[in-house]
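Taking it in order: structure first as C-alpha cells, then the write-up.
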Amino acid sequence: MCGIVGYVGNQEAAPILLDGLSRLEYRGYDSAGVAVHDGEAIHMLKASGRLQALRERVDAEGPLQGTCGIGHTRWATHGAPTQDNAHPHLSNDGKFAVVHNGIIENYLEQREELKARGFVFLSETDTEVIVHLMDMYYQGDLKQAFMQTAARLDGSYALGILCADAPGQLLVMKNASPLILGLGAGENLFASDVTALLPHTHNIIDLDDGEIALITSNDITVMDSLGNVLQKEVTRVTWNREAAERGGYEHFMLKEIMEQPKAVKSSIEPRIRDGRIVLDELGELARVLPQMERVVITACGSAYHAGVVAGYVMEDLCRIPVHVEVASELRYRNPLMDERTLVVVISQSGETADTIAALRECKRQGARTLAIVNVVGSTVAKLADGVLYTWAGPEISVATTKGYTTQLAVLSLLAIQLAWQRGTIDDARYQHLVGELQQLPSKCQRAIDLNTHAARIAKRYHGKRSLFYIGRNVDYAVCLEASLKLKEISYIHSEAYAAGELKHGTIALIDQNQLVIALACYQRLFEKLLSNVREVKARGARVLGVVREAERRIYSEADEALLVPDVDAMLVPVVEIIPLQLFAYHVAKCNGCDIDKPKNLAKSVTVE
Ligand code: M6R
C-alpha cells in the first residue's frame, strides 16, 4: 500500500524523505515522488518504478533544496503506475502539493464539479481532487481550507499537504488510514509507519481518525475536525532502528523466520506466571470471557490461516462452537451475533481495511471483540474491546512469518485459558499444555535448524510450475499458509487441499509431474493421511512428507521427509510451518524472485 512521509526541520528534506520512503518500500509500491518547499515555492520530482528511478531523477534534475517536504510511494489503485499518476499532486497554480494514502470514494463527483469550475486534472487519480479542493477553498487561512476540503471527502485517507504560502509548515490529516507523527529535536516528521521515523525519533503521537495536525520544526498542534486543539499523548517506541533493518540477512523474510523463537517467546513468556496463564491485559473482557456461547474468528490472508488453526483447536479444546471466516466476506454478510458472541479479530498490522470493517460490523451487531494484533496502537487494537498484542517486533517482509507464528502462540494461550475457565480440560492437561507452550521457543529453534535441508529440497523442486499441499485437521490449516507462502514470493501456483477431498475431483490433476507435500504431524489422523499419500504415489506423484521427528513410517511411503520437533497436537502448526516457510523462501531465491517485495503485493492492505 502507499507510504507517506513528511519532514520539517533544519536539515535538507529531500535525502531524509528518500530515506524515509526506502523504509516504507516493504509496503509495496510502483511509483514514487517527493515535493520540497525551498522557502519561495514548491518543487517536485516523481518517477514510475522503483525508488532508485526517483533517486536518479533527483540527482540528475535536482538538487531539491529546502528543509520542509513530503514524499510518497504509490501502490496504484486509480490509474496506471505512471509518472503523472504518482504523488505528490500539485494544484494548477503550484500553491499546494499533496500526498495521500487511502481511497477517496466520492472522487468522481468531486472531479466533475472541479472540472466544471475550470480546474485542470493532470492525473487519473482520486487524490488529485484534494489539491484542487484546497485551492478552491483557500482564502489565506490554511487550516480553514483544509477543514472545508476534508469535509468534502468520503473514504479513507492519510494526507500530507505543503502550501507555497506557508514555508516550514506541514499539514496532515488521518481518516481510516495509518498516520504517525514523530517529535524530534528541532525537527518533526510524519509517516505511515514508525519504521520511517526511527532514524530521527522514538517519540511518537498516534493520530486518531478525524484529527488534523499542523507541524513546524519546533511544534506540533493536533486538532479535531472542527479545529479545536487537542492534548495528545506522546509515546516512546521501544523498537530500535536495527530491529527494523536487515541485521546481516539477505532478506527481511529470512531474518524474520530466524527471529521466530525469540518472537514466540515474547508472545508467551510474559503471560505465564507461576505455571498459570495470565491475560490481565484483557481487563473487563477477561471477566465476561467464560460466559461466551460462541466464537467467531475473522481476519485476512495469513492471519485468517492462523484463525483456521484456532478454529480446529478451540472447538476441540474448549467445546464451544467456533466459526472462522475471511473478513472480506464477513463484513458484507449481515452475520448473526450478539453479546454472547466473542469475535476474535487477527491482524499483524492492525490496519487491514477488510478486517477493520468486519470488526466494526461485529461491534455493531453487539458482539464482544478481542483483537490479536502486532502493531501497538493500530486501528484494530483501538477498536476492539480487548487486545492481546503478539509482541513479534517489526515485521517488514511482505510475506508474514513471525507475525503468523506469534498469532498462533497467542491464540493457543487464549484457547488453553478458555478451556480451563470452561472446565473442559482438567488441571493435569492444563499443566501439560502450559509446559508445552513454554518449550515452544526451543522447538521453533529446532525447526529452524531444518534450513539447510529445506534449501536442498527447494533446489530440487524450484522448477515446478504447480504443486499440492495436503493435510488433515490442523495440518490442513497449515497447508493453507504454506501454500500462500510459496505463491506470494515465488509466483508458483500451489493448492492447499484437505487430503480427504482429493478423490472428489482434484486427484485428476495428479501425475508423475506433481510434487505433493503431505503434512502429517497431526498424530490422530496419521494413518488416514498415509492412505492419501499412497493414492497420490499410485498416480506417479513425488511426495515430500512433513512429519514428527518420532514418526519414521513416512520413509516407506514418501520420497523424502522433513522431520519437525514433536509437540502437543494443538501446537503442531507453530513448528510445522517453519520448514515450509524456509522451503518457500529458498524456492523463491532459486528462482531469483524479489522476496521482500513480491510483485502486486503490499504489506498492509489498507484499501478494500
Ligand atoms: O496485517 P494483517 O495481518 O491484517 O494482514 C493480512 C494479510 O494481508 C497478510 O497476512 C497477507 O496475506 C500476507 N502477505 C501473507 O504473507
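We name chains A, B, ... following the order of the C-alpha cells; residues begin at 1 in each chain, and ligands are numbered from 1 as shown.
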
With only C-alpha atoms and all ligand atoms counted and 7 Å as the cut-off, give the residues of chain A in contact with ligand 1, each with its shortest interatomic distance in Å and the pair that gives it, as a tab-separated table.
```
residue	atom	partner	partner_atom_place_in_ligand_line	distance
A:Ala299	CA	ligand 1	4 (O)	6.5
A:Cys300	CA	ligand 1	6 (C)	4.6
A:Gly301	CA	ligand 1	12 (O)	3.2
A:Ser302	CA	ligand 1	10 (O)	3.7
A:Ala303	CA	ligand 1	3 (O)	4.9
A:Ile346	CA	ligand 1	3 (O)	6.5
A:Ser347	CA	ligand 1	3 (O)	3.5
A:Gln348	CA	ligand 1	3 (O)	3.5
A:Ser349	CA	ligand 1	1 (O)	3.6
A:Gly350	CA	ligand 1	4 (O)	5.6
A:Glu351	CA	ligand 1	1 (O)	6.3
A:Thr352	CA	ligand 1	4 (O)	4.6
A:Thr355	CA	ligand 1	4 (O)	6.5
A:Val398	CA	ligand 1	14 (N)	5.1
A:Ala399	CA	ligand 1	16 (O)	3.4
A:Thr400	CA	ligand 1	16 (O)	3.9
A:Thr401	CA	ligand 1	16 (O)	6.9
A:Leu484	CA	ligand 1	15 (C)	7.0
A:Lys485	CA	ligand 1	16 (O)	6.1
A:Lys603	CA	ligand 1	14 (N)	6.0
A:Ser604	CA	ligand 1	1 (O)	5.3
A:Val605	CA	ligand 1	8 (O)	5.6
```

Polymer residues at most 6 Å from Leu181 (chain A), only C-alpha atoms, same-chain spacing of 6 or more positions, as a list in words
Leu189, Phe190, Ile204 and Ile205 of chain A

Nearest-residue call for Gly69 (chain A), choices A:His43, A:His462, A:Lys599, A:Lys402, using only C-alpha atoms:
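Using only C-alpha atoms, Gly69 (chain A) sits closest to A:His43.
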
For region 564-572 of chain A, please output as a PyMOL selection string all residues within 6 Å (counting only C-alpha atoms; exclusion window: fewer than 3 positions along the same chain).
chain A and resi 313+443+447+522+548-549+575-576

Among region 380-429 of chain A, which ones does DSSP place in alpha helix (DSSP H), written as a list in words?
Val380, Ala381, Lys382, Leu383, Lys402, Gly403, Tyr404, Thr405, Thr406, Gln407, Leu408, Ala409, Val410, Leu411, Ser412, Leu413, Leu414, Ala415, Ile416, Gln417, Leu418, Ala419, Trp420, Gln421, Arg422, Asp427, Ala428 and Arg429 of chain A

Contacts of Asp596 (chain A) at 10 Å or less, counting only C-alpha atoms, minus same-chain residues fewer than 5 places along, as a count of residues only?
17

Within 12 Å of Leu279 (chain A) using only C-alpha atoms, minus same-chain residues under 3 positions, as a ChimeraX atom specification:
/A:267-273,276,282-287,289,370,386-389,410-411,413-418

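With only C-alpha atoms as the atoms that count, the residue of A:Leu18, A:Val373, A:Leu433, A:Val322 with the shortest distance to Ala196 (chain A) is A:Leu18.
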
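Straight-line separation from CA of Leu525 (chain A) to CA of Val574 (chain A): 18.2 Å.
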
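Minimum atom-to-atom distances from A:Gly9, A:Pro15, A:Gly160, A:Pro441 to His72 (chain A) were compared using only C-alpha atoms, and the lowest value belongs to A:Gly160.
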
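Nearest residue to Leu383 (chain A) among A:Ser494, A:Asp208, A:Thr149, A:Cys593 is A:Asp208, counting only C-alpha atoms.
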
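Close contacts of region 324-326 of chain A, defined as residues with an atom at most 10 Å away when counting only C-alpha atoms, with chain neighbours fewer than 4 positions off set aside, comprise Val295, Val296, Ile297, Thr298, Ala299, Cys300, Gly301, Ala303, Tyr304, His305, Ala306, Gly307, Val308, Val309, Ala310, Gly311, Tyr312, Leu330, Arg331, Val343, Val344, Asp354, Thr355 and Ala358 of chain A.
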
Could you go through region 199-374 of chain A and tell me which residues DSSP, when run on the backbone, assigns to strand (DSSP E or B), listing them as a PyMOL selection string?
chain A and resi 203-206+212-215+220-223+229-230+235-236+272-273+276-277+294-299+322-326+341-347+368-373

Give me a file of those residues, with C-alpha atoms, as a PDB file, in the first residue's frame.
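For reference, out13.pdb as written:
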```pdb
ATOM      1  CA  ASN A 203       8.797   9.776  20.378  1.00  0.00           C
ATOM      2  CA  ILE A 204       5.555   9.490  18.516  1.00  0.00           C
ATOM      3  CA  ILE A 205       1.997  10.768  18.515  1.00  0.00           C
ATOM      4  CA  ASP A 206      -0.644   8.453  17.211  1.00  0.00           C
ATOM      5  CA  ILE A 212      -5.628  17.199  11.862  1.00  0.00           C
ATOM      6  CA  ALA A 213      -2.089  18.304  12.738  1.00  0.00           C
ATOM      7  CA  LEU A 214      -0.141  21.411  11.877  1.00  0.00           C
ATOM      8  CA  ILE A 215       3.570  20.623  12.002  1.00  0.00           C
ATOM      9  CA  ILE A 220       3.053  20.023  16.518  1.00  0.00           C
ATOM     10  CA  THR A 221      -0.534  21.190  17.050  1.00  0.00           C
ATOM     11  CA  VAL A 222      -3.183  18.479  16.862  1.00  0.00           C
ATOM     12  CA  MET A 223      -6.812  19.472  16.338  1.00  0.00           C
ATOM     13  CA  VAL A 229      -6.784  21.966  19.838  1.00  0.00           C
ATOM     14  CA  LEU A 230      -6.267  18.557  21.479  1.00  0.00           C
ATOM     15  CA  THR A 235       4.535   7.600  23.434  1.00  0.00           C
ATOM     16  CA  ARG A 236       8.029   6.197  23.205  1.00  0.00           C
ATOM     17  CA  ILE A 272       2.775 -17.366  32.078  1.00  0.00           C
ATOM     18  CA  ARG A 273       3.349 -16.692  35.748  1.00  0.00           C
ATOM     19  CA  ARG A 276      -0.533 -20.278  35.100  1.00  0.00           C
ATOM     20  CA  ILE A 277      -1.678 -18.287  32.078  1.00  0.00           C
ATOM     21  CA  ARG A 294     -19.902 -18.865  20.524  1.00  0.00           C
ATOM     22  CA  VAL A 295     -16.651 -17.705  18.957  1.00  0.00           C
ATOM     23  CA  VAL A 296     -16.270 -16.067  15.540  1.00  0.00           C
ATOM     24  CA  ILE A 297     -12.755 -15.592  14.196  1.00  0.00           C
ATOM     25  CA  THR A 298     -12.136 -13.202  11.341  1.00  0.00           C
ATOM     26  CA  ALA A 299      -9.050 -11.910   9.505  1.00  0.00           C
ATOM     27  CA  VAL A 322     -16.231 -21.659  16.538  1.00  0.00           C
ATOM     28  CA  HIS A 323     -16.834 -20.120  13.124  1.00  0.00           C
ATOM     29  CA  VAL A 324     -13.872 -18.843  11.090  1.00  0.00           C
ATOM     30  CA  GLU A 325     -14.414 -16.509   8.136  1.00  0.00           C
ATOM     31  CA  VAL A 326     -12.371 -14.176   5.957  1.00  0.00           C
ATOM     32  CA  THR A 341     -20.519 -13.992  20.800  1.00  0.00           C
ATOM     33  CA  LEU A 342     -16.812 -13.449  21.143  1.00  0.00           C
ATOM     34  CA  VAL A 343     -15.330 -12.138  17.900  1.00  0.00           C
ATOM     35  CA  VAL A 344     -11.588 -12.651  17.660  1.00  0.00           C
ATOM     36  CA  VAL A 345     -10.013 -10.367  15.063  1.00  0.00           C
ATOM     37  CA  ILE A 346      -6.468 -11.195  13.995  1.00  0.00           C
ATOM     38  CA  SER A 347      -4.114  -8.807  12.206  1.00  0.00           C
ATOM     39  CA  ARG A 368     -17.691  -8.703  22.269  1.00  0.00           C
ATOM     40  CA  THR A 369     -14.489  -8.179  20.349  1.00  0.00           C
ATOM     41  CA  LEU A 370     -10.938  -9.251  21.031  1.00  0.00           C
ATOM     42  CA  ALA A 371      -8.027  -8.205  18.813  1.00  0.00           C
ATOM     43  CA  ILE A 372      -4.842 -10.185  18.336  1.00  0.00           C
ATOM     44  CA  VAL A 373      -2.509  -7.641  16.822  1.00  0.00           C
TER      45      VAL A 373
END
```

Just the residues within 10 Å of Arg422 (chain A), please, counting only C-alpha atoms, with nothing from its chain fewer than 2 positions along; format it as an MDAnalysis selection string.
chainID A and resid 289:292 317:320 416:420 424:425

Export of prior selection with N, CA and C atoms as a short mmCIF file (atom, residue, chain, number, x, y, z; two decimals), in the first residue's frame:
```
data_model
loop_
_atom_site.label_atom_id
_atom_site.label_comp_id
_atom_site.auth_asym_id
_atom_site.auth_seq_id
_atom_site.Cartn_x
_atom_site.Cartn_y
_atom_site.Cartn_z
N LEU A 289 -15.41 -13.40 29.46
CA LEU A 289 -14.96 -14.44 28.53
C LEU A 289 -15.62 -15.81 28.78
N PRO A 290 -15.67 -16.26 30.04
CA PRO A 290 -16.26 -17.59 30.28
C PRO A 290 -17.75 -17.65 29.95
N GLN A 291 -18.41 -16.50 29.86
CA GLN A 291 -19.86 -16.52 29.56
C GLN A 291 -20.17 -16.61 28.06
N MET A 292 -19.16 -16.58 27.26
CA MET A 292 -19.38 -16.58 25.80
C MET A 292 -19.97 -17.93 25.35
N LEU A 317 -10.77 -28.10 22.11
CA LEU A 317 -10.31 -27.96 23.49
C LEU A 317 -11.37 -27.32 24.39
N CYS A 318 -12.06 -26.32 23.89
CA CYS A 318 -12.97 -25.54 24.74
C CYS A 318 -14.42 -26.00 24.62
N ARG A 319 -14.71 -26.89 23.67
CA ARG A 319 -16.08 -27.37 23.44
C ARG A 319 -17.05 -26.20 23.29
N ILE A 320 -16.68 -25.30 22.40
CA ILE A 320 -17.53 -24.13 22.11
C ILE A 320 -17.61 -24.02 20.59
N ILE A 416 -6.24 -22.29 25.62
CA ILE A 416 -5.98 -23.07 26.84
C ILE A 416 -6.68 -22.41 28.04
N GLN A 417 -6.56 -21.08 28.09
CA GLN A 417 -7.17 -20.35 29.20
C GLN A 417 -8.69 -20.50 29.19
N LEU A 418 -9.27 -20.39 28.00
CA LEU A 418 -10.72 -20.50 27.87
C LEU A 418 -11.18 -21.92 28.24
N ALA A 419 -10.42 -22.90 27.80
CA ALA A 419 -10.77 -24.30 28.12
C ALA A 419 -10.74 -24.51 29.63
N TRP A 420 -9.74 -23.94 30.26
CA TRP A 420 -9.62 -24.07 31.72
C TRP A 420 -10.81 -23.39 32.41
N THR A 424 -13.32 -27.53 30.51
CA THR A 424 -13.27 -28.61 29.51
C THR A 424 -11.92 -29.32 29.49
N ILE A 425 -10.97 -28.83 30.28
CA ILE A 425 -9.73 -29.59 30.48
C ILE A 425 -9.45 -29.64 31.98
#
```

Which residue is closest to Leu450 (chain A)? Choose from A:Val533, A:Gln581, A:Gly6, A:Ala381 and count only C-alpha atoms.
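Using only C-alpha atoms, the shortest distance to Leu450 (chain A) belongs to A:Gln581.
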
Residue nearest His87 (chain A) - candidates A:Pro335, A:Gly423, A:Gly393, A:Gly71, atoms counted: only C-alpha atoms
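So, comparing all the options, the nearest one is A:Gly71.
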